[in-house]
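Raw contents of upload.tsv, TSV, C-alpha atoms and all ligand atoms:
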```
chain	number	residue	atom	x	y	z
A	1	MET	CA	-19.38	-38.84	87.55
A	2	ILE	CA	-16.76	-40.75	89.54
A	3	ASP	CA	-17.98	-42.47	92.71
A	4	LYS	CA	-14.67	-42.86	94.55
A	5	ARG	CA	-13.15	-39.71	96.13
A	6	ILE	CA	-9.60	-39.28	94.85
A	7	VAL	CA	-6.73	-36.79	94.81
A	8	ILE	CA	-6.13	-34.99	91.52
A	9	THR	CA	-2.93	-32.99	91.03
A	10	ILE	CA	-2.40	-30.21	88.51
A	11	ASP	CA	1.18	-28.97	88.17
A	12	GLY	CA	2.71	-26.57	85.68
A	13	PRO	CA	4.44	-23.21	85.23
A	14	ALA	CA	2.96	-19.80	86.05
A	15	GLY	CA	0.27	-18.61	83.64
A	16	ALA	CA	-0.53	-22.02	82.13
A	17	GLY	CA	-4.14	-21.71	83.35
A	18	LYS	CA	-3.85	-24.04	86.34
A	19	THR	CA	-5.92	-21.90	88.71
A	20	THR	CA	-8.97	-21.48	86.49
A	21	VAL	CA	-8.84	-25.09	85.33
A	22	SER	CA	-8.42	-26.43	88.88
A	23	ARG	CA	-11.32	-24.35	90.22
A	24	LEU	CA	-13.64	-25.46	87.39
A	25	LEU	CA	-12.64	-29.09	87.71
A	26	ALA	CA	-13.11	-29.06	91.52
A	27	LYS	CA	-16.52	-27.44	91.10
A	28	HIS	CA	-17.58	-30.01	88.52
A	29	LEU	CA	-16.54	-32.89	90.77
A	30	GLY	CA	-17.80	-31.34	94.03
A	31	TYR	CA	-14.20	-31.45	95.31
A	32	LYS	CA	-12.11	-29.04	97.40
A	33	TYR	CA	-9.69	-26.85	95.49
A	34	ILE	CA	-6.29	-26.17	97.05
A	35	ASP	CA	-4.00	-23.48	95.60
A	36	THR	CA	-0.63	-24.45	97.06
A	37	GLY	CA	1.16	-21.46	95.48
A	38	ALA	CA	-0.92	-19.29	97.83
A	39	LEU	CA	0.69	-21.08	100.79
A	40	TYR	CA	4.19	-20.18	99.52
A	41	ARG	CA	2.97	-16.62	98.99
A	42	GLY	CA	1.65	-16.60	102.57
A	43	VAL	CA	5.09	-17.60	103.89
A	44	ALA	CA	6.69	-14.89	101.69
A	45	LEU	CA	4.36	-12.23	103.10
A	46	ALA	CA	5.07	-13.38	106.67
A	47	ALA	CA	8.85	-13.28	105.96
A	48	LYS	CA	8.56	-9.74	104.64
A	49	GLU	CA	6.45	-8.53	107.56
A	50	ASN	CA	8.77	-10.11	110.12
A	51	GLY	CA	11.96	-8.90	108.43
A	52	VAL	CA	13.15	-12.47	107.79
A	53	ASP	CA	15.91	-12.87	105.18
A	54	PRO	CA	14.58	-15.24	102.44
A	55	GLU	CA	18.07	-16.80	102.21
A	56	ASN	CA	18.26	-17.61	105.94
A	57	ASP	CA	16.96	-21.15	106.32
A	58	ASP	CA	17.10	-21.21	110.15
A	59	ALA	CA	15.16	-17.96	110.46
A	60	LEU	CA	12.59	-19.26	107.94
A	61	ALA	CA	12.26	-22.55	109.86
A	62	ASP	CA	11.61	-20.58	113.03
A	63	LEU	CA	9.07	-18.39	111.25
A	64	CYS	CA	7.27	-21.42	109.76
A	65	ARG	CA	6.90	-22.99	113.21
A	66	ARG	CA	4.92	-19.94	114.28
A	67	LEU	CA	2.64	-19.83	111.23
A	68	SER	CA	-0.85	-21.18	110.88
A	69	LEU	CA	-2.05	-21.11	107.25
A	70	LYS	CA	-5.61	-22.15	106.44
A	71	PHE	CA	-8.07	-21.87	103.59
A	72	VAL	CA	-11.50	-20.67	104.65
A	73	ILE	CA	-14.65	-20.38	102.56
A	74	SER	CA	-16.43	-17.07	103.16
A	75	GLU	CA	-19.03	-15.01	101.30
A	76	LYS	CA	-16.08	-13.54	99.31
A	77	GLY	CA	-15.06	-17.04	98.17
A	78	LEU	CA	-11.97	-19.04	99.12
A	79	ARG	CA	-9.73	-16.99	101.45
A	80	LEU	CA	-6.23	-17.60	102.83
A	81	VAL	CA	-5.93	-16.93	106.54
A	82	LEU	CA	-2.53	-16.46	108.21
A	83	ASN	CA	-2.52	-16.57	112.02
A	84	GLY	CA	-6.17	-15.48	112.04
A	85	LYS	CA	-5.79	-12.65	109.46
A	86	ASP	CA	-7.25	-12.75	105.95
A	87	ILE	CA	-4.23	-12.11	103.65
A	88	THR	CA	-5.86	-13.14	100.34
A	89	ASP	CA	-5.75	-9.64	98.83
A	90	ARG	CA	-2.12	-9.02	99.77
A	91	ILE	CA	-0.28	-11.98	98.26
A	92	ARG	CA	-0.57	-11.21	94.51
A	93	THR	CA	1.76	-8.18	94.23
A	94	PRO	CA	4.86	-8.51	91.99
A	95	GLU	CA	7.07	-8.21	95.10
A	96	ILE	CA	5.38	-11.10	96.95
A	97	THR	CA	5.34	-13.11	93.70
A	98	MET	CA	9.15	-12.95	93.43
A	99	LEU	CA	9.64	-13.45	97.17
A	100	ALA	CA	7.40	-16.55	97.07
A	101	SER	CA	9.64	-17.99	94.36
A	102	ALA	CA	12.73	-17.31	96.54
A	103	VAL	CA	11.30	-18.81	99.77
A	104	SER	CA	9.91	-21.80	97.87
A	105	ALA	CA	13.51	-22.90	97.13
A	106	ARG	CA	14.35	-23.09	100.88
A	107	PRO	CA	14.34	-26.59	102.45
A	108	SER	CA	12.76	-25.40	105.73
A	109	VAL	CA	9.81	-23.86	103.91
A	110	ARG	CA	9.24	-26.90	101.68
A	111	ARG	CA	9.41	-29.22	104.69
A	112	CYS	CA	6.89	-27.19	106.63
A	113	LEU	CA	4.42	-26.82	103.76
A	114	LEU	CA	4.76	-30.50	102.82
A	115	GLU	CA	3.03	-31.41	106.08
A	116	VAL	CA	0.43	-28.64	105.73
A	117	GLN	CA	-0.47	-29.84	102.21
A	118	ARG	CA	-0.58	-33.55	103.10
A	119	ASP	CA	-2.89	-32.75	106.02
A	120	MET	CA	-5.19	-30.92	103.61
A	121	GLY	CA	-5.27	-34.00	101.35
A	122	ARG	CA	-6.04	-36.62	103.99
A	123	GLU	CA	-9.77	-36.65	103.32
A	124	LYS	CA	-9.20	-36.90	99.53
A	125	GLY	CA	-11.85	-35.43	97.23
A	126	ALA	CA	-9.49	-32.57	96.33
A	127	VAL	CA	-7.82	-30.91	93.36
A	128	PHE	CA	-4.32	-29.70	94.30
A	129	GLU	CA	-2.67	-27.09	92.12
A	130	GLY	CA	1.08	-26.39	92.33
A	131	ARG	CA	4.53	-27.29	91.04
A	132	ASP	CA	5.38	-30.53	92.85
A	133	MET	CA	1.98	-31.98	93.69
A	134	GLY	CA	2.37	-35.07	91.51
A	135	THR	CA	6.12	-35.53	92.03
A	136	VAL	CA	6.65	-34.91	95.77
A	137	VAL	CA	3.57	-34.06	97.82
A	138	PHE	CA	1.14	-36.65	96.44
A	139	PRO	CA	3.21	-39.18	94.46
A	140	GLN	CA	0.36	-41.70	94.99
A	141	ALA	CA	-2.34	-39.35	93.61
A	142	GLU	CA	-4.82	-41.25	91.47
A	143	ILE	CA	-4.71	-38.71	88.63
A	144	LYS	CA	-1.95	-36.28	87.74
A	145	PHE	CA	-2.01	-33.55	85.13
A	146	PHE	CA	0.78	-31.25	83.95
A	147	LEU	CA	-0.56	-28.13	82.29
A	148	ASP	CA	1.81	-26.17	80.06
A	149	ALA	CA	1.64	-23.34	77.47
A	150	SER	CA	4.11	-21.32	75.42
A	151	HIS	CA	6.10	-18.68	77.27
A	152	ARG	CA	4.56	-15.76	75.34
A	153	GLU	CA	1.00	-16.99	75.83
A	154	ARG	CA	1.54	-17.42	79.57
A	155	ALA	CA	2.99	-13.90	79.89
A	156	ILE	CA	0.04	-12.38	78.00
A	157	ARG	CA	-2.47	-14.20	80.22
A	158	ARG	CA	-0.74	-13.09	83.42
A	159	TYR	CA	-0.49	-9.51	82.11
A	160	LYS	CA	-4.25	-9.43	81.46
A	161	GLU	CA	-4.91	-10.60	85.03
A	162	LEU	CA	-2.78	-7.75	86.38
A	163	ALA	CA	-3.95	-5.09	83.91
A	164	SER	CA	-5.80	-3.06	86.56
A	165	ASP	CA	-2.40	-1.89	87.84
A	166	PRO	CA	-1.08	0.73	85.34
A	167	SER	CA	2.51	0.38	86.61
A	168	ILE	CA	2.72	-3.16	85.24
A	169	THR	CA	3.92	-3.68	81.65
A	170	LEU	CA	3.90	-6.80	79.49
A	171	ASN	CA	7.72	-6.66	79.33
A	172	ARG	CA	7.99	-6.64	83.12
A	173	VAL	CA	5.54	-9.55	83.45
A	174	GLU	CA	7.44	-11.49	80.78
A	175	SER	CA	10.86	-10.92	82.31
A	176	ASP	CA	9.64	-11.68	85.88
A	177	MET	CA	8.05	-14.85	84.55
A	178	LYS	CA	11.29	-15.96	82.83
A	179	HIS	CA	13.20	-15.38	86.06
A	180	ARG	CA	10.59	-17.27	88.09
A	181	ASP	CA	10.40	-20.17	85.60
A	182	HIS	CA	14.17	-20.46	85.85
A	183	ASN	CA	14.10	-20.46	89.71
A	184	ASP	CA	11.19	-22.89	89.93
A	185	SER	CA	12.60	-25.36	87.38
A	186	ASN	CA	16.26	-25.31	88.44
A	187	ARG	CA	16.12	-25.42	92.22
A	188	ASP	CA	17.53	-28.52	93.91
A	189	LEU	CA	14.40	-29.33	95.87
A	190	ALA	CA	11.15	-30.34	94.17
A	191	PRO	CA	11.86	-28.54	90.88
A	192	LEU	CA	8.97	-27.96	88.51
A	193	LYS	CA	8.70	-30.99	86.21
A	194	PRO	CA	5.99	-33.42	85.18
A	195	ALA	CA	5.63	-36.62	87.21
A	196	ILE	CA	6.50	-39.64	85.04
A	197	ASP	CA	2.87	-40.75	85.18
A	198	ALA	CA	1.40	-37.26	84.53
A	199	ILE	CA	-0.87	-36.49	81.60
A	200	ILE	CA	0.66	-33.48	79.85
A	201	ILE	CA	-1.75	-30.95	78.33
A	202	ASP	CA	-0.64	-27.89	76.35
A	203	SER	CA	-3.15	-25.07	76.73
A	204	SER	CA	-1.50	-22.56	74.30
A	205	ASP	CA	-4.13	-22.86	71.58
A	206	VAL	CA	-6.95	-24.48	73.50
A	207	SER	CA	-9.68	-22.79	75.53
A	208	ILE	CA	-9.87	-23.33	79.28
A	209	GLN	CA	-13.22	-25.07	78.85
A	210	GLU	CA	-11.69	-27.49	76.35
A	211	VAL	CA	-8.88	-28.28	78.77
A	212	VAL	CA	-11.38	-28.97	81.57
A	213	SER	CA	-13.49	-31.16	79.27
A	214	LYS	CA	-10.39	-33.15	78.29
A	215	MET	CA	-9.56	-33.67	81.95
A	216	ILE	CA	-13.10	-34.76	82.85
A	217	LEU	CA	-13.10	-37.27	79.98
A	218	TYR	CA	-9.81	-38.61	81.20
A	219	ILE	CA	-10.97	-38.87	84.83
A	220	GLU	CA	-14.21	-40.59	83.90
A	221	SER	CA	-12.47	-43.07	81.66
B	301	LIG	O1	1.40	-20.72	91.64
B	301	LIG	P1	1.96	-19.41	92.20
B	301	LIG	O2	2.46	-18.47	91.15
B	301	LIG	O3	1.00	-18.73	93.11
B	301	LIG	O4	3.23	-19.87	93.09
B	301	LIG	C1	4.04	-18.96	93.79
B	301	LIG	C2	5.44	-19.55	93.92
B	301	LIG	O5	5.42	-20.66	94.79
B	301	LIG	C3	6.06	-20.04	92.61
B	301	LIG	O6	7.14	-19.21	92.22
B	301	LIG	C4	6.58	-21.41	92.88
B	301	LIG	C5	6.19	-21.73	94.28
B	301	LIG	N1	5.45	-22.97	94.39
B	301	LIG	C6	6.17	-24.11	94.64
B	301	LIG	O7	7.39	-24.07	94.69
B	301	LIG	N2	5.52	-25.28	94.83
B	301	LIG	C7	4.18	-25.33	94.76
B	301	LIG	N3	3.57	-26.49	94.96
B	301	LIG	C8	3.43	-24.17	94.48
B	301	LIG	C9	4.11	-23.00	94.28
```

Encoded form (structure tokens):
Amino acid sequence: MIDKRIVITIDGPAGAGKTTVSRLLAKHLGYKYIDTGALYRGVALAAKENGVDPENDDALADLCRRLSLKFVISEKGLRLVLNGKDITDRIRTPEITMLASAVSARPSVRRCLLEVQRDMGREKGAVFEGRDMGTVVFPQAEIKFFLDASHRERAIRRYKELASDPSITLNRVESDMKHRDHNDSNRDLAPLKPAIDAIIIDSSDVSIQEVVSKMILYIES
């Protein structure tokens, strides 16, 4: 067990297993787990509900000023609360997924969430999952991981997570994921890429538990 409380970042593309791995790692270490993608999804939902054009940076900046996004632990687990309302169950639809990718490319949104995320990391003792945790938000993080997997494997994993919705097909998941990977990796601001000091782990042929064990070994060493 490590005795100093540190910040651990886990970046990577959609479906690489970041969420499960981050939760398990945080639990093992007794750390907080912060899903930063959920914050972008929260802004996307707010933009949709307020009729804000995801291409309009000024309108998004104004919206962000009026938003309060917090993670709260309840009997249902970790919940995302937007201006006092629990929105956890509403941010995983395909529509909000694509809208989150669009708003996440906007400078006003990245600026606003940069502060929110850094505030959440001030006390350390946290595992942050996202796309730019190691490169932009916490460049000084003590340990950085970049979790990747093949495109096909990631699409299959995401499809299984969404399988309770009969309208969703593997082809749709795969093509949405390609589109999103392209947006997330090619935007001007904070594109998805490993930090130069990140440890890169490919989870295509490795179980989640093996990935977590590898990470723990690395952290303890
Ligand atoms: O991890 P996720 O699928 O919930 O993320 C939703 C979107 O938010 C994703 O398309 C990229 C964006 N995102 C980001 O730009 N930076 C982060 N740190 C986390 C997510």

Listed atoms of ligand LIG 301 (chain B) boxed along x, y and z, 4 Å each side, centre and edge lengths in Å, one decimal, as JSON:
```
{"center_x": 4.2, "center_y": -22.5, "center_z": 93.1, "size_x": 14.4, "size_y": 16.0, "size_z": 11.8}
```

A:Val173: which residues within 8 Å, counting all atoms listed in the file, same-chain residues fewer than 6 positions away excluded, as a PyMOL selection string? chain A and resi 155+158-159

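The space between atom CA of A:Cys64 and atom CA of A:Gly15 spans 27.2 Å.
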
All residues within 7 Å of ligand LIG 301 (chain B) are required, counting all atoms listed in the file; please report them as an NGL selection string. :A and (14 or 36-38 or 40-41 or 97-98 or 100-101 or 104-105 or 129-133 or 180 or 184)

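Distance annotation: of A:Ser68, A:Thr19, A:Ser213, A:Ser221, the residue with the minimal separation from A:Glu115 is A:Ser68; atom set is only C-alpha atoms.
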
Measure the distance from atom CA of A:Arg92 to atom CA of A:Met215 in Å and round it to one decimal. 27.3 Å

Would you list the residues near (-15.2, -41.2, 96.1), meaning any protein, DNA or RNA residue with an atom at most 12 Å from that point in file coordinates, counting all atoms listed in the file, as a list in words? Met1, Ile2, Asp3, Lys4, Arg5, Ile6, Val7, Ile8, Leu29, Gly30, Tyr31, Glu123, Lys124, Gly125, Ala126 and Glu142 of chain A

Quick one, how far is atom CA of A:Asp202 from atom CA of A:Phe146? 8.4 Å

My list of candidates is A:Val116, A:Ala141, A:Ile73, A:Ile219. Which is closest to A:Asp197 when distances are computed with only C-alpha atoms?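 Looking at the shortest contact to A:Asp197, the residue is A:Ala141.
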
Using all atoms listed in the file, pick whichever of A:Ile91, A:Leu192, A:Ala46, A:Leu69 has the shortest atom-to-atom distance to A:Leu147.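 Nearest to A:Leu147: A:Leu192.
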
Nearest candidate to A:Ile199 (options A:Val211, A:Ile143, A:Ala59, A:Ala163; using all atoms listed in the file):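 Closest to A:Ile199, using all atoms listed in the file: A:Ile143.
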
Nearest-residue call for A:Phe145, choices A:Asp89, A:Glu210, A:Asp11, A:Asp181, using only C-alpha atoms: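 When distances to A:Phe145 are compared using only C-alpha atoms, the smallest one comes from A:Asp11.
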
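Between A:Lys27 and the residues A:Asn186, A:Glu174, A:Val127, A:Lys193, the shortest atom-to-atom distance, using all atoms listed in the file, involves A:Val127.
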
Surrounding residues of A:Arg23 excluding itself and chain neighbours under 3 positions, 9 Å, all atoms listed in the file, as a PyMOL selection string: chain A and resi 18-20+26-28+32-34+127

Compile the contact shell of A:Ala149 as a ChimeraX atom specification: residues with an atom at most 6 Å away, counting only C-alpha atoms, same-chain residues fewer than 6 positions apart removed. /A:16,202-204
